[in-house]
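J.: Below is one structure. I have some questions about it.
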Amino acid sequence: MATDDARLKPSRSMDTDATLGHHIVPTRIYYIIFGVLMLCTYLTVQIAFFDLGPLNTIAAVGIAVFKATLVVLFFMHVRYSSKLTTAVVIGSIFWLAILLALTMADYLTRIWRTYG
Amino acid sequence: MPDTAGHAAAPAALAHHFDSLDQQREAATLGMWVFLVTEVLFFGGLFMVYTVYRAWYPEAFAAASHELDVVLGTVNTAVLITSSLTMALAVHAAQLDRRKLLMTFLLLTILLGVTFLGIKSVEYYHKFVEHHVPGPGFQFEKEYARHAQLFFSLYFIMTGLHALHMIIGIGIMLWMLRWAYRGVITAEYYSPIEISGLYWHFVDIVWIFLFPLLYLLGRHGH
């Protein structure tokens, strides 16, 4: 059993404290991420009051994606987790992209708008 | 915890079907993420519907979005982000075996979650008073009435399902608070806090997308 330990140990990021079995993120990082998230919230609200045409949507979704990425990487520890977990996370985004892209490819290229 | 302890005697928190605490933690985290993938696609379907209808009826959606209270929406976003911070700090306290601190942060997370739901119910109340709830009593500018109803249907379904997730999350946090109080959670066995935290942060992420898409799209103009 003991000999299997090394093989079964999940691979980790370079900056992981090797003496610990799990990574403890310094609280300073949590506070910084919190600050950035709050700043982004302020920015996205401010930007929404200017008429930038299609850029409004791009900015709103772009900032939301950035905020979500920070939450996933730091609050949800994906930055410090195994490659397998990271693959599952990326897989979820990939499948969501299939859902959105293929559906919109259909809706945006046909004349559906026959009522309303 | 150094997993070298496993050589002499198995740690108390280690289930017999795992080789090490590391492997046990890894399995718990991976399992939670697999569940969260199903949640991503569950909410993804709703975002898909939103995208299609917004692409079809941009003017009606902007006009309907303009009726939402952006101040309450922004405050709620801040409340939820703060609750994610207290959740992350709760996991940190659990990792360091600081039981009282863990309980404090869990309690703060619960209180912020309840605050979010309180503000949300005030918003829902306003929508009922203003006749913006889809159904026979729905009232809106005649030009957009029909499609504004689509927007408000999506608003109530999406924020309603999000609120349901919040209620479940608060229930989980109360459960974790009880476990922390009883000493079930230790530095060796903090996975319950870690994966409850993953759920909590996921619900926060859903709101991070809901907020700009529902509240902010109609801010300029009108």
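Numbering starts fresh at 1 for the residues of each chain in the structure tokens, the chains themselves are lettered A, B, ... in the order given, and ligands are numbered from 1 as they appear.
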At most 8 Å is the cut-off: for each residue in chain B with any atom that close to an atom of chain A, write down the nearest atom pair and the distance in Å rounded to one decimal, counting only C-alpha atoms, chain first then increasing number, as CSV.

T.:
residue,atom,partner,partner_atom,distance
B:Met1,CA,A:Gly21,CA,5.8
B:Pro2,CA,A:Leu20,CA,5.7
B:Asp3,CA,A:Gly21,CA,6.3
B:Gly6,CA,A:Ala2,CA,7.7
B:His7,CA,A:Ala2,CA,6.3
B:Asp19,CA,A:Met1,CA,6.5
B:Ser20,CA,A:Asp5,CA,6.9
B:Leu21,CA,A:Gly21,CA,8.0
B:Asp22,CA,A:Gly21,CA,6.0
B:Gln23,CA,A:Lys9,CA,6.4
B:Glu26,CA,A:Pro10,CA,7.3
B:Thr29,CA,A:Thr85,CA,7.6
B:Leu30,CA,A:Thr85,CA,5.5
B:Trp33,CA,A:Val88,CA,6.9
B:Val34,CA,A:Val88,CA,6.8
B:Val37,CA,A:Ser92,CA,5.1
B:Val40,CA,A:Ser92,CA,6.8
B:Leu41,CA,A:Leu96,CA,6.1
B:Gly44,CA,A:Leu96,CA,6.3
B:Gly45,CA,A:Leu99,CA,7.8
B:Met48,CA,A:Leu100,CA,6.1
B:Val52,CA,A:Tyr107,CA,7.2
B:Trp56,CA,A:Arg113,CA,7.5
B:Thr74,CA,A:Thr41,CA,7.6
B:Thr77,CA,A:Thr41,CA,7.6
B:Ala78,CA,A:Met38,CA,6.7
B:Ile81,CA,A:Phe34,CA,7.1
B:Thr82,CA,A:Phe34,CA,7.3
B:Ser84,CA,A:Phe75,CA,7.4
B:Leu85,CA,A:Phe34,CA,6.4
B:Ala88,CA,A:Phe75,CA,5.7
B:Leu89,CA,A:Thr27,CA,7.0
B:His92,CA,A:Ile24,CA,6.8
B:Gln95,CA,A:Ile24,CA,7.1
B:Gly197,CA,A:Met76,CA,7.5
B:Leu198,CA,A:Met76,CA,5.7
B:His201,CA,A:Met76,CA,6.9
B:Ile205,CA,A:Ala68,CA,5.6
B:Ile208,CA,A:Ala64,CA,5.9
B:Phe209,CA,A:Ala64,CA,5.7
B:Pro212,CA,A:Ala60,CA,5.9
B:Leu213,CA,A:Ala60,CA,7.6
B:Leu216,CA,A:Ala48,CA,5.8
B:Leu217,CA,A:Ala48,CA,7.0
B:Arg219,CA,A:Phe49,CA,5.3
B:His220,CA,A:Phe49,CA,4.7
B:Gly221,CA,A:Asp51,CA,7.0

J.: Emit the selected residues as a CSV table (one decimal), in the first residue's frame, including C-alpha atoms.

T.:
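What follows is the written file again32.csv:
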chain,number,residue,atom,x,y,z
B,1,MET,CA,-1.1,16.6,7.1
B,2,PRO,CA,2.0,14.6,6.2
B,3,ASP,CA,0.7,11.4,4.7
B,6,GLY,CA,-0.2,6.3,6.9
B,7,HIS,CA,2.8,4.0,7.0
B,19,ASP,CA,-4.8,4.4,0.1
B,20,SER,CA,-4.0,7.8,1.5
B,21,LEU,CA,-5.7,11.0,2.8
B,22,ASP,CA,-4.5,12.7,-0.4
B,23,GLN,CA,-6.2,10.2,-2.6
B,26,GLU,CA,-8.7,14.1,-4.5
B,29,THR,CA,-13.0,17.1,-5.0
B,30,LEU,CA,-13.2,15.3,-8.3
B,33,TRP,CA,-16.6,18.8,-9.8
B,34,VAL,CA,-18.3,16.1,-11.9
B,37,VAL,CA,-20.4,19.9,-14.6
B,40,VAL,CA,-23.0,24.1,-15.5
B,41,LEU,CA,-25.0,22.4,-18.3
B,44,GLY,CA,-26.3,26.5,-19.5
B,45,GLY,CA,-29.6,25.5,-21.0
B,48,MET,CA,-29.0,29.3,-24.1
B,52,VAL,CA,-31.8,33.1,-28.4
B,56,TRP,CA,-34.6,37.9,-31.4
B,74,THR,CA,-25.3,45.5,-7.4
B,77,THR,CA,-23.6,41.0,-6.2
B,78,ALA,CA,-21.3,42.5,-3.5
B,81,ILE,CA,-18.9,37.9,-3.5
B,82,THR,CA,-18.3,38.7,0.1
B,84,SER,CA,-17.5,33.6,-1.3
B,85,LEU,CA,-14.6,35.3,0.5
B,88,ALA,CA,-12.8,30.6,1.2
B,89,LEU,CA,-11.6,31.7,4.6
B,92,HIS,CA,-8.6,27.9,5.2
B,95,GLN,CA,-7.3,23.3,6.9
B,197,GLY,CA,-17.4,25.5,-0.6
B,198,LEU,CA,-17.1,24.4,-4.2
B,201,HIS,CA,-18.7,29.3,-5.2
B,205,ILE,CA,-20.5,32.2,-10.4
B,208,ILE,CA,-21.8,36.7,-11.7
B,209,PHE,CA,-23.4,35.9,-15.1
B,212,PRO,CA,-25.0,41.7,-16.0
B,213,LEU,CA,-27.2,39.7,-18.4
B,216,LEU,CA,-27.3,45.7,-16.9
B,217,LEU,CA,-28.3,45.1,-20.5
B,219,ARG,CA,-29.0,50.5,-18.5
B,220,HIS,CA,-28.0,52.9,-21.3
B,221,GLY,CA,-30.7,54.5,-23.4

J.: Please provide as a short mmCIF file (atom, residue, chain, number, x, y, z; two decimals) with N, CA and C atoms, in the first residue's frame all residues within 9 Å of Tyr53 of chain B, with the sequence filter that same-chain residues fewer than 4 positions apart are discarded (counting only C-alpha atoms).

T.:
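Result file follows (result-v9.cif):
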data_model
loop_
_atom_site.label_atom_id
_atom_site.label_comp_id
_atom_site.auth_asym_id
_atom_site.auth_seq_id
_atom_site.Cartn_x
_atom_site.Cartn_y
_atom_site.Cartn_z
N MET B 48 -28.82 29.54 -22.62
CA MET B 48 -29.03 29.32 -24.06
C MET B 48 -30.36 29.94 -24.50
N VAL B 49 -31.43 29.64 -23.76
CA VAL B 49 -32.76 30.18 -24.08
C VAL B 49 -32.71 31.71 -24.03
N TYR B 57 -35.37 39.48 -29.76
CA TYR B 57 -36.12 40.66 -29.31
C TYR B 57 -35.27 41.60 -28.47
N PRO B 58 -34.21 42.18 -29.04
CA PRO B 58 -33.28 43.00 -28.24
C PRO B 58 -33.95 44.22 -27.61
N PHE B 61 -36.20 43.21 -24.66
CA PHE B 61 -35.38 42.74 -23.55
C PHE B 61 -34.71 43.91 -22.83
N HIS B 147 -43.09 40.41 -25.51
CA HIS B 147 -41.73 39.88 -25.39
C HIS B 147 -41.08 40.26 -24.06
N LEU B 150 -41.57 37.46 -21.87
CA LEU B 150 -40.54 36.43 -22.03
C LEU B 150 -39.34 36.73 -21.13
N PHE B 151 -38.93 38.01 -21.16
CA PHE B 151 -37.79 38.41 -20.33
C PHE B 151 -38.08 38.14 -18.86
#

J.: Write out as an NGL selection string all residues of segment 51-190 of chain B that DSSP puts in helix (DSSP H, G or I) for this structure's backbone.

T.: :B and (51-56 or 58-65 or 70-95 or 99-129 or 145-181)

J.: Given the choices B:Thr38, B:Ser65, B:Thr115, B:Gln24, which gets closest to Ala148 of chain B if the distance is worked out from only C-alpha atoms?

T.: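 Closest candidate: B:Ser65.
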
J.: Report the distance between atom CA of Phe42 of chain B and atom CA of Val206 of chain B in Å, rounded to one decimal place.

T.: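 Between atom CA of Phe42 of chain B and atom CA of Val206 of chain B the gap is 10.9 Å.
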
J.: Let me make sure I understand: among B:Gly160, B:Pro11, B:Gly135, B:Gly171, which one has the smallest atom-to-atom distance to Ala187 of chain B if we use only C-alpha atoms?

T.: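 Checking each candidate against Ala187 of chain B, we get B:Pro11 as the closest.
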
J.: When distances are computed from only C-alpha atoms, which of B:Ser196, B:Ser153, B:Ser191, B:Gln139 shows the smallest separation from Ala27 of chain B?

T.: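 The shortest atom-to-atom distance to Ala27 of chain B comes from B:Ser191.
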
J.: By how many Å are atom CA of Ser83 of chain B and atom CA of Tyr124 of chain B apart?

T.: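 Taking atom CA of Ser83 of chain B and atom CA of Tyr124 of chain B, their separation equals 21.5 Å.
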
J.: Find the residue from B:Leu214, B:Leu80, B:Ile195, B:Leu102 that sits nearest to Gly183 of chain B; use only C-alpha atoms when measuring.

T.: B:Leu102

J.: Could you check which of B:Ala93, B:Ala60, B:Ile168, B:Val71 is closest to Tyr190 of chain B, using only C-alpha atoms?

T.: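 Answer, going by the shortest atom-to-atom distance: B:Ala93.
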
J.: With only C-alpha atoms as the counted atoms, please give the residues lying no more than 7 Å from segment 176-180 of chain B, apart from itself and same-chain residues fewer than 2 positions off, as JSON, numbers by chain.

T.: {"B": [99, 103, 106, 172, 173, 174, 182, 183, 184, 185, 193]}

J.: Can you tell me how far atom CA of Leu101 of chain B sits from atom CA of Arg79 of chain A, in Å to one decimal?

T.: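 Between atom CA of Leu101 of chain B and atom CA of Arg79 of chain A the gap is 24.7 Å.
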
J.: Of the candidates B:Ala63, B:Ile157, B:Ala145, B:Met87, which one gets nearest to Trp200 of chain B if we count only C-alpha atoms?

T.: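 Ranked by minimum distance to Trp200 of chain B, first place goes to B:Met87.
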